[in-house]
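Here is coords_36.cif, consisting of mmCIF, C-alpha atoms and all ligand atoms:
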```
data_final
loop_
_atom_site.group_PDB
_atom_site.id
_atom_site.type_symbol
_atom_site.label_atom_id
_atom_site.label_comp_id
_atom_site.auth_asym_id
_atom_site.auth_seq_id
_atom_site.Cartn_x
_atom_site.Cartn_y
_atom_site.Cartn_z
ATOM 1 C CA MET A 126 0.000 0.000 0.000
ATOM 2 C CA ALA A 127 1.495 3.353 -1.039
ATOM 3 C CA THR A 128 1.167 6.075 1.576
ATOM 4 C CA ALA A 129 1.993 9.740 0.975
ATOM 5 C CA LEU A 130 2.346 12.635 3.388
ATOM 6 C CA CYS A 131 0.987 16.109 2.721
ATOM 7 C CA PRO A 132 2.763 18.122 5.446
ATOM 8 C CA GLY A 133 2.209 21.692 6.562
ATOM 9 C CA SER A 134 1.007 24.109 9.208
ATOM 10 C CA PHE A 135 -2.514 24.462 7.759
ATOM 11 C CA ASP A 136 -3.191 27.644 9.758
ATOM 12 C CA PRO A 137 -5.773 27.574 8.226
ATOM 13 C CA VAL A 138 -6.257 25.077 5.379
ATOM 14 C CA THR A 139 -6.906 26.924 2.101
ATOM 15 C CA ASN A 140 -8.480 25.917 -1.213
ATOM 16 C CA GLY A 141 -4.914 25.546 -2.490
ATOM 17 C CA HIS A 142 -4.079 22.970 0.190
ATOM 18 C CA LEU A 143 -7.318 21.118 -0.433
ATOM 19 C CA ASP A 144 -6.609 20.944 -4.164
ATOM 20 C CA ILE A 145 -3.204 19.354 -3.480
ATOM 21 C CA ILE A 146 -4.658 16.924 -0.913
ATOM 22 C CA GLU A 147 -7.455 15.843 -3.281
ATOM 23 C CA ARG A 148 -5.079 15.344 -6.185
ATOM 24 C CA THR A 149 -2.613 13.407 -4.004
ATOM 25 C CA ALA A 150 -5.461 11.168 -2.823
ATOM 26 C CA ARG A 151 -6.079 10.129 -6.452
ATOM 27 C CA HIS A 152 -2.551 8.795 -6.821
ATOM 28 C CA PHE A 153 -1.870 7.109 -3.489
ATOM 29 C CA ASP A 154 -3.718 4.446 -1.508
ATOM 30 C CA GLN A 155 -3.496 6.488 1.661
ATOM 31 C CA VAL A 156 -2.692 10.137 2.366
ATOM 32 C CA ILE A 157 -1.686 11.414 5.772
ATOM 33 C CA VAL A 158 -2.121 15.140 6.204
ATOM 34 C CA ALA A 159 0.707 15.812 8.648
ATOM 35 C CA VAL A 160 0.135 18.948 10.718
ATOM 36 C CA ILE A 161 3.306 20.253 12.330
ATOM 37 C CA ARG A 162 3.180 20.749 16.091
ATOM 38 C CA ASN A 163 5.537 23.653 16.254
ATOM 39 C CA PRO A 164 6.075 25.211 19.660
ATOM 40 C CA GLN A 165 7.922 28.124 18.020
ATOM 41 C CA LYS A 166 4.785 29.051 16.101
ATOM 42 C CA ALA A 167 3.082 30.246 19.265
ATOM 43 C CA GLN A 168 1.527 33.024 17.191
ATOM 44 C CA SER A 169 -0.667 30.585 15.260
ATOM 45 C CA LEU A 170 -4.170 31.874 14.576
ATOM 46 C CA PHE A 171 -5.902 28.530 15.117
ATOM 47 C CA THR A 172 -5.041 25.888 17.697
ATOM 48 C CA LEU A 173 -3.878 22.480 16.533
ATOM 49 C CA GLU A 174 -7.254 21.019 17.436
ATOM 50 C CA GLU A 175 -9.108 23.708 15.446
ATOM 51 C CA ARG A 176 -6.863 23.076 12.438
ATOM 52 C CA GLN A 177 -7.442 19.350 12.751
ATOM 53 C CA GLU A 178 -11.226 19.820 12.949
ATOM 54 C CA MET A 179 -11.240 22.014 9.847
ATOM 55 C CA LEU A 180 -9.067 19.503 7.965
ATOM 56 C CA HIS A 181 -11.410 16.678 8.957
ATOM 57 C CA GLU A 182 -14.417 18.625 7.752
ATOM 58 C CA VAL A 183 -12.953 19.665 4.407
ATOM 59 C CA THR A 184 -11.632 16.176 3.594
ATOM 60 C CA ALA A 185 -14.762 14.305 4.745
ATOM 61 C CA HIS A 186 -15.592 13.417 1.110
ATOM 62 C CA LEU A 187 -12.288 11.551 0.734
ATOM 63 C CA THR A 188 -12.037 7.975 2.009
ATOM 64 C CA ASN A 189 -8.255 7.536 2.112
ATOM 65 C CA ILE A 190 -7.214 10.487 4.280
ATOM 66 C CA LYS A 191 -5.921 10.630 7.826
ATOM 67 C CA ILE A 192 -5.068 13.794 9.735
ATOM 68 C CA GLU A 193 -2.154 13.470 12.158
ATOM 69 C CA PHE A 194 0.140 15.772 14.133
ATOM 70 C CA PHE A 195 3.893 15.470 14.105
ATOM 71 C CA MET A 196 6.875 17.022 15.867
ATOM 72 C CA GLY A 197 10.527 16.898 14.911
ATOM 73 C CA LEU A 198 11.748 15.580 11.598
ATOM 74 C CA LEU A 199 9.123 14.919 8.960
ATOM 75 C CA VAL A 200 11.061 11.943 7.610
ATOM 76 C CA GLU A 201 11.003 10.238 11.021
ATOM 77 C CA PHE A 202 7.234 10.630 11.099
ATOM 78 C CA ALA A 203 7.099 9.301 7.519
ATOM 79 C CA LYS A 204 9.122 6.212 8.448
ATOM 80 C CA ASP A 205 7.038 5.577 11.581
ATOM 81 C CA HIS A 206 3.861 5.675 9.474
ATOM 82 C CA GLY A 207 5.133 3.670 6.518
ATOM 83 C CA ALA A 208 4.927 6.611 4.122
ATOM 84 C CA SER A 209 7.073 6.300 1.008
ATOM 85 C CA ALA A 210 6.499 9.788 -0.388
ATOM 86 C CA ILE A 211 6.062 13.415 0.556
ATOM 87 C CA VAL A 212 3.839 15.501 -1.723
ATOM 88 C CA LYS A 213 4.057 19.290 -1.929
ATOM 89 C CA GLY A 214 2.363 21.906 -4.078
ATOM 90 C CA LEU A 215 4.562 24.304 -6.030
ATOM 91 C CA ARG A 216 2.929 27.678 -6.562
ATOM 92 C CA ALA A 217 5.687 29.601 -8.281
ATOM 93 C CA ILE A 218 9.396 29.620 -8.904
ATOM 94 C CA SER A 219 9.802 31.395 -5.563
ATOM 95 C CA ASP A 220 8.730 28.181 -3.803
ATOM 96 C CA PHE A 221 11.197 26.108 -5.731
ATOM 97 C CA ASP A 222 14.579 26.895 -4.112
ATOM 98 C CA TYR A 223 13.505 26.099 -0.575
ATOM 99 C CA GLU A 224 11.317 23.145 -1.531
ATOM 100 C CA LEU A 225 14.100 21.596 -3.609
ATOM 101 C CA GLN A 226 16.534 21.996 -0.724
ATOM 102 C CA MET A 227 14.120 20.349 1.721
ATOM 103 C CA ALA A 228 13.350 17.552 -0.747
ATOM 104 C CA GLN A 229 17.044 16.829 -1.206
ATOM 105 C CA MET A 230 17.727 16.936 2.531
ATOM 106 C CA ASN A 231 14.800 14.597 3.228
ATOM 107 C CA GLN A 232 15.982 12.257 0.482
ATOM 108 C CA ARG A 233 19.507 12.198 1.906
ATOM 109 C CA LEU A 234 18.250 11.605 5.452
ATOM 110 C CA SER A 235 15.799 8.844 4.670
ATOM 111 C CA GLY A 236 15.606 7.864 0.999
ATOM 112 C CA ILE A 237 12.037 9.206 0.970
ATOM 113 C CA ASP A 238 11.199 11.043 -2.251
ATOM 114 C CA THR A 239 9.258 14.275 -2.544
ATOM 115 C CA PHE A 240 6.786 14.663 -5.398
ATOM 116 C CA PHE A 241 5.763 18.153 -6.497
ATOM 117 C CA ILE A 242 2.321 18.942 -7.875
ATOM 118 C CA SER A 243 1.887 22.212 -9.732
ATOM 119 C CA THR A 244 -0.669 24.322 -7.913
ATOM 120 C CA SER A 245 -3.825 24.950 -9.931
ATOM 121 C CA PRO A 246 -3.467 28.472 -11.389
ATOM 122 C CA GLN A 247 -6.541 29.806 -9.600
ATOM 123 C CA HIS A 248 -4.779 29.111 -6.275
ATOM 124 C CA SER A 249 -1.232 30.112 -7.124
ATOM 125 C CA PHE A 250 -1.306 33.379 -5.153
ATOM 126 C CA LEU A 251 -2.759 31.775 -2.036
ATOM 127 C CA SER A 252 -1.041 31.199 1.281
ATOM 128 C CA SER A 253 -2.364 30.716 4.796
ATOM 129 C CA SER A 254 -0.400 33.736 6.015
ATOM 130 C CA LEU A 255 -1.968 36.036 3.398
ATOM 131 C CA VAL A 256 -5.430 34.648 4.126
ATOM 132 C CA ARG A 257 -4.921 35.365 7.845
ATOM 133 C CA GLU A 258 -3.750 38.908 7.161
ATOM 134 C CA VAL A 259 -6.504 39.756 4.693
ATOM 135 C CA ALA A 260 -9.217 38.292 6.938
ATOM 136 C CA LYS A 261 -7.831 40.149 9.956
ATOM 137 C CA PHE A 262 -8.119 43.478 8.153
ATOM 138 C CA GLY A 263 -11.643 42.830 6.897
ATOM 139 C CA GLY A 264 -10.897 41.561 3.386
ATOM 140 C CA ASP A 265 -13.120 38.945 1.824
ATOM 141 C CA VAL A 266 -11.400 35.540 1.597
ATOM 142 C CA THR A 267 -14.569 33.478 1.195
ATOM 143 C CA THR A 268 -13.604 32.322 -2.319
ATOM 144 C CA MET A 269 -10.116 31.308 -1.178
ATOM 145 C CA VAL A 270 -10.869 28.946 1.678
ATOM 146 C CA PRO A 271 -13.424 26.176 2.273
ATOM 147 C CA ALA A 272 -16.742 27.362 3.732
ATOM 148 C CA VAL A 273 -16.006 25.932 7.199
ATOM 149 C CA VAL A 274 -12.771 27.910 7.317
ATOM 150 C CA ALA A 275 -14.466 31.095 6.112
ATOM 151 C CA LYS A 276 -17.016 30.657 8.916
ATOM 152 C CA ARG A 277 -14.279 30.321 11.535
ATOM 153 C CA LEU A 278 -12.459 33.373 10.173
ATOM 154 C CA ILE A 279 -15.674 35.383 10.418
ATOM 155 C CA GLU A 280 -16.173 34.161 14.010
ATOM 156 C CA ARG A 281 -12.623 35.282 14.757
ATOM 157 C CA PHE A 282 -12.456 38.591 12.905
ATOM 158 C CA GLY A 283 -16.038 39.556 12.003
ATOM 159 C CA GLU A 284 -17.752 39.880 8.630
ATOM 160 C CA PRO A 285 -15.662 40.965 5.651
ATOM 161 C CA GLY A 286 -16.061 44.599 4.679
ATOM 162 C CA ARG A 287 -16.637 45.755 8.243
ATOM 163 C CA LYS A 288 -15.293 49.154 9.274
ATOM 164 C CA GLN A 289 -11.759 49.033 10.650
ATOM 165 C CA PRO A 290 -11.241 50.355 14.195
HETATM 166 O O1 LIG A 301 2.934 24.939 5.883
HETATM 167 P P1 LIG A 301 4.405 25.147 6.107
HETATM 168 O O2 LIG A 301 4.620 25.930 7.383
HETATM 169 O O3 LIG A 301 5.082 25.755 4.923
HETATM 170 O O4 LIG A 301 5.040 23.668 6.328
HETATM 171 C C1 LIG A 301 6.434 23.483 6.470
HETATM 172 C C2 LIG A 301 6.763 22.046 6.874
HETATM 173 C C3 LIG A 301 5.990 21.648 8.117
HETATM 174 C C4 LIG A 301 6.359 21.114 5.731
HETATM 175 C C5 LIG A 301 8.287 21.964 7.105
HETATM 176 O O5 LIG A 301 8.669 22.991 7.943
HETATM 177 C C6 LIG A 301 8.739 20.643 7.712
HETATM 178 O O6 LIG A 301 8.760 19.631 7.053
HETATM 179 N N1 LIG A 301 9.100 20.693 9.007
HETATM 180 C C7 LIG A 301 9.465 19.517 9.758
HETATM 181 C C8 LIG A 301 10.896 19.591 10.301
HETATM 182 C C9 LIG A 301 11.851 18.952 9.348
HETATM 183 O O7 LIG A 301 11.726 17.799 8.975
HETATM 184 N N2 LIG A 301 12.827 19.764 8.923
HETATM 185 C C10 LIG A 301 13.791 19.369 7.944
HETATM 186 C C11 LIG A 301 13.271 19.639 6.552
HETATM 187 S S1 LIG A 301 14.490 19.334 5.363
#
```

As structure tokens - that is how I would like this structure written.
Amino acid sequence: MATALCPGSFDPVTNGHLDIIERTARHFDQVIVAVIRNPQKAQSLFTLEERQEMLHEVTAHLTNIKIEFFMGLLVEFAKDHGASAIVKGLRAISDFDYELQMAQMNQRLSGIDTFFISTSPQHSFLSSSLVREVAKFGGDVTTMVPAVVAKRLIERFGEPGRKQP
């Protein structure tokens, strides 16, 4: 059985992430969405549990997905879970340098290969950090994130288009 990891912070999951997860799920028997437990990222918008709940909700239509947390090296988590591949989305050339370096390091450490999927063009400008910033300042991100995430952002920051303090 071929298992792939889709790793990330998912703070919060965006339509771009979901696109990569769905496409990965078509090519592998099992996909583990690996959410990093990063104590340094104390400034996260959503807690790990909130991120996990949102990921569960937005992947409920997929039968071969698990959502797990990990700490430390991704390749150790991959080995522990029998994953033979890491899958990442590439949005633009600016992603490439760092992603290539990580892929090569992970390959050297463990023999585990990284597969890159080109981000669908309609999502290529998207990142969780931009979504957080835009939502915080009252911008409308409802077309950029799944509905459950949009709802949580509205609960957190209020309706888009509201007057700024
Ligand atoms: O969504 P992000 O924050 O861009 O995800 C980055 C992530 C979690 C995929 C990356 O930081 C990672 O793999 N961290 C785990 C630590 C690790 O294995 N570091 C060595 C990478 S070569």

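Residue nearest A:Glu147 within the list A:Gly283, A:Thr188, A:Glu174, A:Lys276: A:Thr188 [criterion: smallest interatomic distance, only C-alpha atoms].
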
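The shortest atom-to-atom distance to ligand LIG 301 (chain A), with all atoms listed in the file taken into account, belongs to A:Gly197 out of A:Gly286, A:Gly197, A:Gly214, A:Pro271.
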
Edge lengths and centre in Å to one decimal, as lines of an AutoDock Vina configuration file, is what I'm after for the box along x, y and z that holds all listed atoms of ligand LIG 301 (chain A) once 6 Å is added on each side.
```
center_x = 8.7
center_y = 21.9
center_z = 7.6
size_x = 23.6
size_y = 20.1
size_z = 17.4
```

| request: Rank A:Phe240, A:Phe171, A:Phe282, A:Phe195 by their smallest atom-to-atom distance to ligand LIG 301 (chain A), using only C-alpha atoms and all ligand atoms, and report the top residue only. | output: A:Phe195

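Between ligand LIG 301 (chain A) and the candidates A:Thr268, A:Ser209, A:Gln226, A:Ser134, the tightest atom-to-atom separation, counting all atoms listed in the file, involves A:Ser134.
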
What does the list of residues within 7 Å of ligand LIG 301 (chain A) look like if you count all atoms listed in the file, written as a PDB file with C-alpha atoms, in the frame of the given file?
```
ATOM      1  CA  PRO A 132       2.763  18.122   5.446  1.00  0.00           C
ATOM      2  CA  GLY A 133       2.209  21.692   6.562  1.00  0.00           C
ATOM      3  CA  SER A 134       1.007  24.109   9.208  1.00  0.00           C
ATOM      4  CA  PHE A 135      -2.514  24.462   7.759  1.00  0.00           C
ATOM      5  CA  VAL A 160       0.135  18.948  10.718  1.00  0.00           C
ATOM      6  CA  ILE A 161       3.306  20.253  12.330  1.00  0.00           C
ATOM      7  CA  GLY A 197      10.527  16.898  14.911  1.00  0.00           C
ATOM      8  CA  LEU A 198      11.748  15.580  11.598  1.00  0.00           C
ATOM      9  CA  LEU A 199       9.123  14.919   8.960  1.00  0.00           C
ATOM     10  CA  VAL A 200      11.061  11.943   7.610  1.00  0.00           C
ATOM     11  CA  GLN A 226      16.534  21.996  -0.724  1.00  0.00           C
ATOM     12  CA  MET A 227      14.120  20.349   1.721  1.00  0.00           C
ATOM     13  CA  ALA A 228      13.350  17.552  -0.747  1.00  0.00           C
ATOM     14  CA  MET A 230      17.727  16.936   2.531  1.00  0.00           C
ATOM     15  CA  ASN A 231      14.800  14.597   3.228  1.00  0.00           C
TER      16      ASN A 231
END
```

| note | From the list A:Ile237, A:Cys131, A:Leu278, A:Ala208, the nearest residue to A:Val256 using all atoms listed in the file is A:Leu278

| field | Proximity to A:Glu258 - best of A:Ile218, A:Leu170, A:Thr244, A:Leu234, only C-alpha atoms | value | A:Leu170

| task | I need the residue set behind the PyMOL selection byres (((chain A and resi 211) around 7) and not hetatm) for this file; please write it as number ranges by chain. | result | A: 129-131, 210, 212-213, 238-240

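Here atom CA of A:Ser235 and atom CA of A:Ile192 stand 22.0 Å from one another.
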
| Residues matched by the PyMOL selection byres (((chain A and resi 251) around 12) and not hetatm), written as number ranges by chain | A: 137-144, 214-217, 244-250, 252-259, 266, 268-270

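Residues in contact with A:Phe194 at up to 9 Å, not including ones fewer than 5 positions away on its chain and judged by only C-alpha atoms, are Val158, Ala159, Val160, Ile161, Arg162, Leu173 and Gln177 of chain A.
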
Starting from the incomplete input, reconstruct all heavy atoms of stretch 149-160 of chain A and write that as a PDB file, keeping the file's coordinate frame.
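Below is the file part-v6.pdb, written as the result:
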```pdb
ATOM      1  N   THR A 149      -3.500  14.450  -4.551  1.00  0.00           N
ATOM      2  CA  THR A 149      -2.613  13.407  -4.004  1.00  0.00           C
ATOM      3  C   THR A 149      -3.412  12.142  -3.709  1.00  0.00           C
ATOM      4  O   THR A 149      -2.957  11.025  -3.979  1.00  0.00           O
ATOM      5  CB  THR A 149      -1.924  13.919  -2.719  1.00  0.00           C
ATOM      6  OG1 THR A 149      -1.246  15.132  -3.017  1.00  0.00           O
ATOM      7  CG2 THR A 149      -0.923  12.906  -2.180  1.00  0.00           C
ATOM      8  N   ALA A 150      -4.621  12.322  -3.197  1.00  0.00           N
ATOM      9  CA  ALA A 150      -5.461  11.168  -2.823  1.00  0.00           C
ATOM     10  C   ALA A 150      -5.843  10.315  -4.032  1.00  0.00           C
ATOM     11  O   ALA A 150      -6.187   9.149  -3.882  1.00  0.00           O
ATOM     12  CB  ALA A 150      -6.714  11.657  -2.105  1.00  0.00           C
ATOM     13  N   ARG A 151      -5.773  10.905  -5.239  1.00  0.00           N
ATOM     14  CA  ARG A 151      -6.079  10.129  -6.452  1.00  0.00           C
ATOM     15  C   ARG A 151      -4.928   9.212  -6.837  1.00  0.00           C
ATOM     16  O   ARG A 151      -5.109   8.281  -7.597  1.00  0.00           O
ATOM     17  CB  ARG A 151      -6.337  11.075  -7.632  1.00  0.00           C
ATOM     18  CG  ARG A 151      -7.685  11.720  -7.570  1.00  0.00           C
ATOM     19  CD  ARG A 151      -7.912  12.523  -8.862  1.00  0.00           C
ATOM     20  NE  ARG A 151      -8.570  13.766  -8.514  1.00  0.00           N
ATOM     21  CZ  ARG A 151      -8.322  14.945  -9.025  1.00  0.00           C
ATOM     22  NH1 ARG A 151      -7.420  15.089  -9.967  1.00  0.00           N
ATOM     23  NH2 ARG A 151      -8.979  16.002  -8.620  1.00  0.00           N
ATOM     24  N   HIS A 152      -3.739   9.526  -6.357  1.00  0.00           N
ATOM     25  CA  HIS A 152      -2.551   8.795  -6.821  1.00  0.00           C
ATOM     26  C   HIS A 152      -1.977   7.831  -5.788  1.00  0.00           C
ATOM     27  O   HIS A 152      -1.117   7.030  -6.123  1.00  0.00           O
ATOM     28  CB  HIS A 152      -1.458   9.785  -7.232  1.00  0.00           C
ATOM     29  CG  HIS A 152      -1.865  10.656  -8.381  1.00  0.00           C
ATOM     30  ND1 HIS A 152      -1.920  10.207  -9.676  1.00  0.00           N
ATOM     31  CD2 HIS A 152      -2.286  11.942  -8.408  1.00  0.00           C
ATOM     32  CE1 HIS A 152      -2.330  11.191 -10.464  1.00  0.00           C
ATOM     33  NE2 HIS A 152      -2.567  12.250  -9.714  1.00  0.00           N
ATOM     34  N   PHE A 153      -2.410   7.970  -4.544  1.00  0.00           N
ATOM     35  CA  PHE A 153      -1.870   7.109  -3.489  1.00  0.00           C
ATOM     36  C   PHE A 153      -3.018   6.372  -2.792  1.00  0.00           C
ATOM     37  O   PHE A 153      -4.152   6.858  -2.776  1.00  0.00           O
ATOM     38  CB  PHE A 153      -1.083   7.941  -2.465  1.00  0.00           C
ATOM     39  CG  PHE A 153       0.232   8.449  -3.014  1.00  0.00           C
ATOM     40  CD1 PHE A 153       0.289   9.627  -3.734  1.00  0.00           C
ATOM     41  CD2 PHE A 153       1.408   7.720  -2.827  1.00  0.00           C
ATOM     42  CE1 PHE A 153       1.491  10.092  -4.266  1.00  0.00           C
ATOM     43  CE2 PHE A 153       2.614   8.180  -3.353  1.00  0.00           C
ATOM     44  CZ  PHE A 153       2.654   9.362  -4.068  1.00  0.00           C
ATOM     45  N   ASP A 154      -2.688   5.212  -2.215  1.00  0.00           N
ATOM     46  CA  ASP A 154      -3.718   4.446  -1.508  1.00  0.00           C
ATOM     47  C   ASP A 154      -4.168   5.194  -0.258  1.00  0.00           C
ATOM     48  O   ASP A 154      -5.341   5.206   0.087  1.00  0.00           O
ATOM     49  CB  ASP A 154      -3.162   3.076  -1.096  1.00  0.00           C
ATOM     50  CG  ASP A 154      -2.726   2.276  -2.299  1.00  0.00           C
ATOM     51  OD1 ASP A 154      -3.544   2.112  -3.219  1.00  0.00           O
ATOM     52  OD2 ASP A 154      -1.557   1.836  -2.335  1.00  0.00           O
ATOM     53  N   GLN A 155      -3.186   5.776   0.419  1.00  0.00           N
ATOM     54  CA  GLN A 155      -3.496   6.488   1.661  1.00  0.00           C
ATOM     55  C   GLN A 155      -2.712   7.798   1.710  1.00  0.00           C
ATOM     56  O   GLN A 155      -1.554   7.825   1.290  1.00  0.00           O
ATOM     57  CB  GLN A 155      -3.108   5.631   2.863  1.00  0.00           C
ATOM     58  CG  GLN A 155      -3.407   6.326   4.177  1.00  0.00           C
ATOM     59  CD  GLN A 155      -3.169   5.429   5.374  1.00  0.00           C
ATOM     60  OE1 GLN A 155      -4.089   5.070   6.089  1.00  0.00           O
ATOM     61  NE2 GLN A 155      -1.911   5.070   5.591  1.00  0.00           N
ATOM     62  N   VAL A 156      -3.360   8.842   2.202  1.00  0.00           N
ATOM     63  CA  VAL A 156      -2.692  10.137   2.366  1.00  0.00           C
ATOM     64  C   VAL A 156      -2.807  10.552   3.827  1.00  0.00           C
ATOM     65  O   VAL A 156      -3.904  10.548   4.394  1.00  0.00           O
ATOM     66  CB  VAL A 156      -3.336  11.220   1.474  1.00  0.00           C
ATOM     67  CG1 VAL A 156      -2.676  12.573   1.705  1.00  0.00           C
ATOM     68  CG2 VAL A 156      -3.239  10.821   0.008  1.00  0.00           C
ATOM     69  N   ILE A 157      -1.667  10.878   4.408  1.00  0.00           N
ATOM     70  CA  ILE A 157      -1.686  11.414   5.772  1.00  0.00           C
ATOM     71  C   ILE A 157      -1.391  12.909   5.680  1.00  0.00           C
ATOM     72  O   ILE A 157      -0.326  13.308   5.185  1.00  0.00           O
ATOM     73  CB  ILE A 157      -0.637  10.737   6.670  1.00  0.00           C
ATOM     74  CG1 ILE A 157      -0.872   9.220   6.700  1.00  0.00           C
ATOM     75  CG2 ILE A 157      -0.693  11.323   8.079  1.00  0.00           C
ATOM     76  CD1 ILE A 157       0.180   8.452   7.504  1.00  0.00           C
ATOM     77  N   VAL A 158      -2.346  13.694   6.106  1.00  0.00           N
ATOM     78  CA  VAL A 158      -2.121  15.140   6.204  1.00  0.00           C
ATOM     79  C   VAL A 158      -1.412  15.347   7.537  1.00  0.00           C
ATOM     80  O   VAL A 158      -1.984  15.095   8.604  1.00  0.00           O
ATOM     81  CB  VAL A 158      -3.452  15.918   6.132  1.00  0.00           C
ATOM     82  CG1 VAL A 158      -3.207  17.407   6.281  1.00  0.00           C
ATOM     83  CG2 VAL A 158      -4.173  15.613   4.819  1.00  0.00           C
ATOM     84  N   ALA A 159      -0.150  15.754   7.455  1.00  0.00           N
ATOM     85  CA  ALA A 159       0.707  15.812   8.648  1.00  0.00           C
ATOM     86  C   ALA A 159       0.828  17.268   9.095  1.00  0.00           C
ATOM     87  O   ALA A 159       1.462  18.099   8.438  1.00  0.00           O
ATOM     88  CB  ALA A 159       2.082  15.231   8.326  1.00  0.00           C
ATOM     89  N   VAL A 160       0.184  17.569  10.211  1.00  0.00           N
ATOM     90  CA  VAL A 160       0.135  18.948  10.718  1.00  0.00           C
ATOM     91  C   VAL A 160       1.271  19.129  11.718  1.00  0.00           C
ATOM     92  O   VAL A 160       1.347  18.401  12.716  1.00  0.00           O
ATOM     93  CB  VAL A 160      -1.211  19.233  11.421  1.00  0.00           C
ATOM     94  CG1 VAL A 160      -1.296  20.686  11.860  1.00  0.00           C
ATOM     95  CG2 VAL A 160      -2.378  18.863  10.523  1.00  0.00           C
TER      96      VAL A 160
END
```
